[in-house]
Amino acid sequence: MSTPLLEINDLRVSVEDREILKGVNLTLQGGEVHAIMGRNGSGKSTLSYVLAGKAGYEVTGGTVHLKGRDLLAMSPDQRAVAGLFLAFQYPIEIPGVATMTFLKVALNAQRKARGEAELSTPDFIRVVREAAGELEIDTAMLKRALNVGFSGGEKKRAEILQMSLLKPSICVMDETDSGLDIDALKIVARGVNILRNPDRAMLVITHYQRLLNHIVPDKVHVFADGRIVKSGGKELALELEKQGYAGFDEPALDSATGLAS
């Protein structure tokens, strides 16, 4: 079997001496979409922050490898260059910075770090227009300051466009459905589905099954008390929708074998 795109083994994380992640095991192969579901405080977002390298989270045990490389040894910018992308639950506004300017700087910074030539302005505009057209994004939005005055759906579409341009290997989507109405949800889900390919894996973190009606996962994992307590196919999300999370407060399961750890 080929090297997994993302491999997490017995990951343990503390915040201010309080253990939040208590031994997470998860493996994503190319082309896969995994969904993580769980109640508030279960550790879902903590996992996304640790993968991205956010400060304030102490890794006390375990390993994380991105395409065979030690992810935890990298700085946040090195993780981005290596192919990790985090879509935030609440994308921040950056007044005074045009969305097009932000995209160009981000794309060329990654290209430079990888030893690739930076794109000229005409080439960059062509690439952005092609990506925006495929994702059905109005290019007028790109002339505005990044996320300033954007609706929830516009903010998430801007992130999907970033994913398309940066071409990450691992996309971590932290509750990307927060604050979206059903029409915006469908547009974002369509963008995610367009970006699915054998060289990319996606980790979708969500509270609700409704997002998974549009982004159909290969595997679903239930988080409780900082660990994965059950893994299964897309039908597991439907089971959660019916019975809630109370029935999943049990010993953690290994995500690969389904056996109690």
# chains A, B, ... in the order shown; residues from 1 in each chain; ligands from 1
>>> residues_around(residues="segment 46-57 of chain A", least_positions_apart="5", cutoff="10 Å", atoms="only C-alpha atoms", output="ChimeraX atom specification")
/A:8,11-17,19-21,24,41,64-66,71-80,84-88,172-174,203-205,226
>>> write_last_selection(atoms="N, CA and C atoms", output="mmCIF file, in the first residue's frame")
data_model
loop_
_atom_site.group_PDB
_atom_site.id
_atom_site.type_symbol
_atom_site.label_atom_id
_atom_site.label_comp_id
_atom_site.auth_asym_id
_atom_site.auth_seq_id
_atom_site.Cartn_x
_atom_site.Cartn_y
_atom_site.Cartn_z
ATOM 1 N N ILE A 8 -2.005 9.702 11.680
ATOM 2 C CA ILE A 8 -1.984 10.166 13.062
ATOM 3 C C ILE A 8 -1.961 8.942 13.973
ATOM 4 N N LEU A 11 -2.148 10.391 19.121
ATOM 5 C CA LEU A 11 -1.907 11.812 19.340
ATOM 6 C C LEU A 11 -2.557 12.266 20.641
ATOM 7 N N ARG A 12 -1.721 12.887 21.488
ATOM 8 C CA ARG A 12 -2.190 13.402 22.775
ATOM 9 C C ARG A 12 -1.817 14.876 22.885
ATOM 10 N N VAL A 13 -2.787 15.686 23.268
ATOM 11 C CA VAL A 13 -2.587 17.138 23.287
ATOM 12 C C VAL A 13 -3.212 17.730 24.540
ATOM 13 N N SER A 14 -2.481 18.678 25.133
ATOM 14 C CA SER A 14 -2.978 19.373 26.314
ATOM 15 C C SER A 14 -3.022 20.877 26.062
ATOM 16 N N VAL A 15 -3.952 21.527 26.724
ATOM 17 C CA VAL A 15 -4.051 22.986 26.716
ATOM 18 C C VAL A 15 -4.099 23.447 28.158
ATOM 19 N N GLU A 16 -3.106 24.233 28.568
ATOM 20 C CA GLU A 16 -3.012 24.722 29.948
ATOM 21 C C GLU A 16 -3.115 23.566 30.940
ATOM 22 N N ASP A 17 -2.332 22.524 30.678
ATOM 23 C CA ASP A 17 -2.221 21.328 31.530
ATOM 24 C C ASP A 17 -3.481 20.475 31.578
ATOM 25 N N GLU A 19 -5.644 17.784 29.487
ATOM 26 C CA GLU A 19 -5.551 16.914 28.315
ATOM 27 C C GLU A 19 -6.847 16.988 27.514
ATOM 28 N N ILE A 20 -6.712 17.337 26.232
ATOM 29 C CA ILE A 20 -7.874 17.479 25.353
ATOM 30 C C ILE A 20 -7.969 16.285 24.395
ATOM 31 N N LEU A 21 -6.868 15.976 23.715
ATOM 32 C CA LEU A 21 -6.832 14.789 22.859
ATOM 33 C C LEU A 21 -6.140 13.670 23.620
ATOM 34 N N VAL A 24 -5.487 9.911 19.680
ATOM 35 C CA VAL A 24 -6.214 9.875 18.415
ATOM 36 C C VAL A 24 -5.420 9.086 17.384
ATOM 37 N N GLY A 41 -16.900 20.348 22.544
ATOM 38 C CA GLY A 41 -15.964 19.996 23.598
ATOM 39 C C GLY A 41 -15.364 18.619 23.488
ATOM 40 N N VAL A 64 2.403 12.574 14.003
ATOM 41 C CA VAL A 64 1.580 12.927 12.845
ATOM 42 C C VAL A 64 2.510 13.025 11.647
ATOM 43 N N HIS A 65 2.186 12.318 10.582
ATOM 44 C CA HIS A 65 3.007 12.361 9.375
ATOM 45 C C HIS A 65 2.156 12.783 8.179
ATOM 46 N N LEU A 66 2.688 13.726 7.410
ATOM 47 C CA LEU A 66 2.066 14.190 6.176
ATOM 48 C C LEU A 66 2.919 13.690 5.012
ATOM 49 N N LEU A 71 5.022 15.977 10.551
ATOM 50 C CA LEU A 71 4.285 17.237 10.508
ATOM 51 C C LEU A 71 4.548 18.080 11.750
ATOM 52 N N LEU A 72 4.669 17.441 12.898
ATOM 53 C CA LEU A 72 4.806 18.177 14.153
ATOM 54 C C LEU A 72 6.136 18.904 14.257
ATOM 55 N N ALA A 73 7.112 18.515 13.430
ATOM 56 C CA ALA A 73 8.421 19.183 13.442
ATOM 57 C C ALA A 73 8.426 20.436 12.571
ATOM 58 N N MET A 74 7.327 20.680 11.845
ATOM 59 C CA MET A 74 7.262 21.813 10.914
ATOM 60 C C MET A 74 6.587 23.020 11.554
ATOM 61 N N SER A 75 6.995 24.215 11.114
ATOM 62 C CA SER A 75 6.301 25.443 11.491
ATOM 63 C C SER A 75 4.999 25.524 10.690
ATOM 64 N N PRO A 76 4.051 26.368 11.086
ATOM 65 C CA PRO A 76 2.786 26.479 10.345
ATOM 66 C C PRO A 76 2.975 26.771 8.856
ATOM 67 N N ASP A 77 3.919 27.680 8.509
ATOM 68 C CA ASP A 77 4.111 27.985 7.096
ATOM 69 C C ASP A 77 4.730 26.799 6.350
ATOM 70 N N GLN A 78 5.581 26.036 7.021
ATOM 71 C CA GLN A 78 6.153 24.849 6.398
ATOM 72 C C GLN A 78 5.077 23.784 6.161
ATOM 73 N N ARG A 79 4.129 23.694 7.057
ATOM 74 C CA ARG A 79 3.032 22.741 6.884
ATOM 75 C C ARG A 79 2.183 23.112 5.662
ATOM 76 N N ALA A 80 1.966 24.416 5.491
ATOM 77 C CA ALA A 80 1.200 24.866 4.330
ATOM 78 C C ALA A 80 1.934 24.539 3.034
ATOM 79 N N LEU A 84 -0.691 21.140 3.578
ATOM 80 C CA LEU A 84 -1.809 21.139 4.523
ATOM 81 C C LEU A 84 -2.585 22.441 4.400
ATOM 82 N N PHE A 85 -3.895 22.338 4.362
ATOM 83 C CA PHE A 85 -4.760 23.521 4.274
ATOM 84 C C PHE A 85 -5.859 23.402 5.321
ATOM 85 N N LEU A 86 -6.050 24.474 6.095
ATOM 86 C CA LEU A 86 -7.127 24.510 7.087
ATOM 87 C C LEU A 86 -8.156 25.548 6.687
ATOM 88 N N ALA A 87 -9.394 25.113 6.496
ATOM 89 C CA ALA A 87 -10.517 26.023 6.267
ATOM 90 C C ALA A 87 -11.147 26.309 7.627
ATOM 91 N N PHE A 88 -11.188 27.580 8.000
ATOM 92 C CA PHE A 88 -11.611 27.954 9.342
ATOM 93 C C PHE A 88 -13.133 27.919 9.498
ATOM 94 N N VAL A 172 -8.276 20.252 5.655
ATOM 95 C CA VAL A 172 -8.988 20.098 6.920
ATOM 96 C C VAL A 172 -10.049 21.180 6.977
ATOM 97 N N MET A 173 -11.306 20.777 7.059
ATOM 98 C CA MET A 173 -12.413 21.727 7.030
ATOM 99 C C MET A 173 -13.109 21.714 8.378
ATOM 100 N N ASP A 174 -12.839 22.766 9.168
ATOM 101 C CA ASP A 174 -13.348 22.838 10.532
ATOM 102 C C ASP A 174 -14.731 23.468 10.564
ATOM 103 N N LEU A 203 -10.487 16.066 5.374
ATOM 104 C CA LEU A 203 -10.992 15.777 6.706
ATOM 105 C C LEU A 203 -12.051 16.825 7.025
ATOM 106 N N VAL A 204 -13.292 16.407 7.071
ATOM 107 C CA VAL A 204 -14.427 17.316 7.245
ATOM 108 C C VAL A 204 -14.950 17.178 8.668
ATOM 109 N N ILE A 205 -14.869 18.265 9.430
ATOM 110 C CA ILE A 205 -15.311 18.275 10.825
ATOM 111 C C ILE A 205 -16.657 18.976 10.890
ATOM 112 N N GLY A 226 -12.134 13.388 23.520
ATOM 113 C CA GLY A 226 -10.780 13.465 22.995
ATOM 114 C C GLY A 226 -10.285 12.258 22.231
#
>>> select_by_dssp(residues="segment 66-196 of chain A", states="helix (DSSP H, G or I)", output="PyMOL selection string")
chain A and resi 71-73+76-82+99-113+121-134+139-143+152-166+182-194
>>> residues_around(residues="Gly232 of chain A", least_positions_apart="6", cutoff="8 Å", atoms="only C-alpha atoms", output="list in words")
Lys219, Val220 and His221 of chain A
>>> write_last_selection(atoms="N, CA and C atoms", output="compact mmCIF listing (two decimals), in the first residue's frame")
# COMPACT_ATOMS: atom_id res chain seq x y z
N LYS A 219 -15.53 7.61 5.04
CA LYS A 219 -15.56 7.10 6.41
C LYS A 219 -16.05 8.19 7.35
N VAL A 220 -16.73 7.77 8.40
CA VAL A 220 -17.22 8.68 9.44
C VAL A 220 -16.64 8.23 10.77
N HIS A 221 -16.14 9.19 11.56
CA HIS A 221 -15.57 8.89 12.87
C HIS A 221 -16.31 9.72 13.93
>>> residues_around(residues="Leu238 of chain A", least_positions_apart="2", cutoff="10 Å", atoms="only C-alpha atoms", output="ChimeraX atom specification")
/A:208-210,212-213,233-236,240-244
>>> closest_residue(among="A:Pro95, A:Gly133, A:Pro122, A:Pro198", to="Phe150 of chain A", atoms="only C-alpha atoms")
A:Pro95
>>> residues_around(residues="Gln89 of chain A", least_positions_apart="2", cutoff="9 Å", atoms="only C-alpha atoms", output="list in words")
Ser45, Ala87, Pro91, Lys156, Met173, Asp174, Glu175, Thr176, Asp177 and Ser178 of chain A
>>> select_by_dssp(residues="segment 46-250 of chain A", states="strand (DSSP E)", output="ChimeraX atom specification")
/A:58-66,69-70,84-87,94-98,145-146,170-174,201-206,219-224,227-232
>>> residues_around(residues="Asn197 of chain A", least_positions_apart="4", cutoff="8 Å", atoms="only C-alpha atoms", output="list in words")
Gly30, Gly31 and Ala201 of chain A
>>> closest_residue(among="A:Ile36, A:Ile92, A:Ala237, A:Leu6", to="Thr63 of chain A", atoms="only C-alpha atoms")
A:Leu6
>>> residues_around(residues="Ala184 of chain A", least_positions_apart="2", cutoff="9 Å", atoms="only C-alpha atoms", output="list in words")
Gly152, Gly153, Glu154, Lys156, Arg157, Asp177, Leu180, Asp181, Ile182, Lys186, Ile187, Val188 and Ala189 of chain A
>>> write_last_selection(atoms="N, CA and C atoms", output="PDB file, in the first residue's frame")
ATOM      1  N   GLY A 152     -21.728  34.601   5.002  1.00  0.00           N
ATOM      2  CA  GLY A 152     -21.110  33.343   5.411  1.00  0.00           C
ATOM      3  C   GLY A 152     -20.764  32.477   4.212  1.00  0.00           C
ATOM      4  N   GLY A 153     -21.663  32.435   3.248  1.00  0.00           N
ATOM      5  CA  GLY A 153     -21.415  31.629   2.055  1.00  0.00           C
ATOM      6  C   GLY A 153     -20.263  32.161   1.221  1.00  0.00           C
ATOM      7  N   GLU A 154     -20.157  33.501   1.117  1.00  0.00           N
ATOM      8  CA  GLU A 154     -19.054  34.102   0.354  1.00  0.00           C
ATOM      9  C   GLU A 154     -17.703  33.809   1.015  1.00  0.00           C
ATOM     10  N   LYS A 156     -16.913  31.214   2.792  1.00  0.00           N
ATOM     11  CA  LYS A 156     -16.556  29.814   2.576  1.00  0.00           C
ATOM     12  C   LYS A 156     -16.186  29.561   1.118  1.00  0.00           C
ATOM     13  N   ARG A 157     -16.858  30.253   0.189  1.00  0.00           N
ATOM     14  CA  ARG A 157     -16.494  30.105  -1.222  1.00  0.00           C
ATOM     15  C   ARG A 157     -15.088  30.647  -1.479  1.00  0.00           C
ATOM     16  N   ASP A 177     -19.677  24.230   7.627  1.00  0.00           N
ATOM     17  CA  ASP A 177     -21.105  24.476   7.410  1.00  0.00           C
ATOM     18  C   ASP A 177     -21.691  25.467   8.418  1.00  0.00           C
ATOM     19  N   LEU A 180     -24.235  28.628   7.514  1.00  0.00           N
ATOM     20  CA  LEU A 180     -24.634  28.605   6.103  1.00  0.00           C
ATOM     21  C   LEU A 180     -26.089  28.201   5.946  1.00  0.00           C
ATOM     22  N   ASP A 181     -26.812  28.912   5.053  1.00  0.00           N
ATOM     23  CA  ASP A 181     -28.147  28.437   4.701  1.00  0.00           C
ATOM     24  C   ASP A 181     -27.996  27.309   3.690  1.00  0.00           C
ATOM     25  N   ILE A 182     -29.076  26.677   3.340  1.00  0.00           N
ATOM     26  CA  ILE A 182     -28.992  25.469   2.524  1.00  0.00           C
ATOM     27  C   ILE A 182     -28.435  25.748   1.132  1.00  0.00           C
ATOM     28  N   LYS A 186     -24.944  24.093  -0.325  1.00  0.00           N
ATOM     29  CA  LYS A 186     -24.857  23.320  -1.567  1.00  0.00           C
ATOM     30  C   LYS A 186     -23.736  23.842  -2.466  1.00  0.00           C
ATOM     31  N   ILE A 187     -23.570  25.166  -2.510  1.00  0.00           N
ATOM     32  CA  ILE A 187     -22.525  25.758  -3.348  1.00  0.00           C
ATOM     33  C   ILE A 187     -21.143  25.364  -2.834  1.00  0.00           C
ATOM     34  N   VAL A 188     -20.956  25.450  -1.508  1.00  0.00           N
ATOM     35  CA  VAL A 188     -19.668  25.088  -0.920  1.00  0.00           C
ATOM     36  C   VAL A 188     -19.399  23.601  -1.108  1.00  0.00           C
ATOM     37  N   ALA A 189     -20.418  22.779  -0.884  1.00  0.00           N
ATOM     38  CA  ALA A 189     -20.249  21.331  -1.044  1.00  0.00           C
ATOM     39  C   ALA A 189     -19.889  20.990  -2.488  1.00  0.00           C
TER      40      ALA A 189
END
>>> atom_distance(atom1="atom CA of Ile194 of chain A", atom2="atom CA of Ser169 of chain A")
14.4 Å
>>> closest_residue(among="A:Val105, A:Ile170, A:Leu26, A:Leu146", to="Phe223 of chain A", atoms="only C-alpha atoms")
A:Leu26
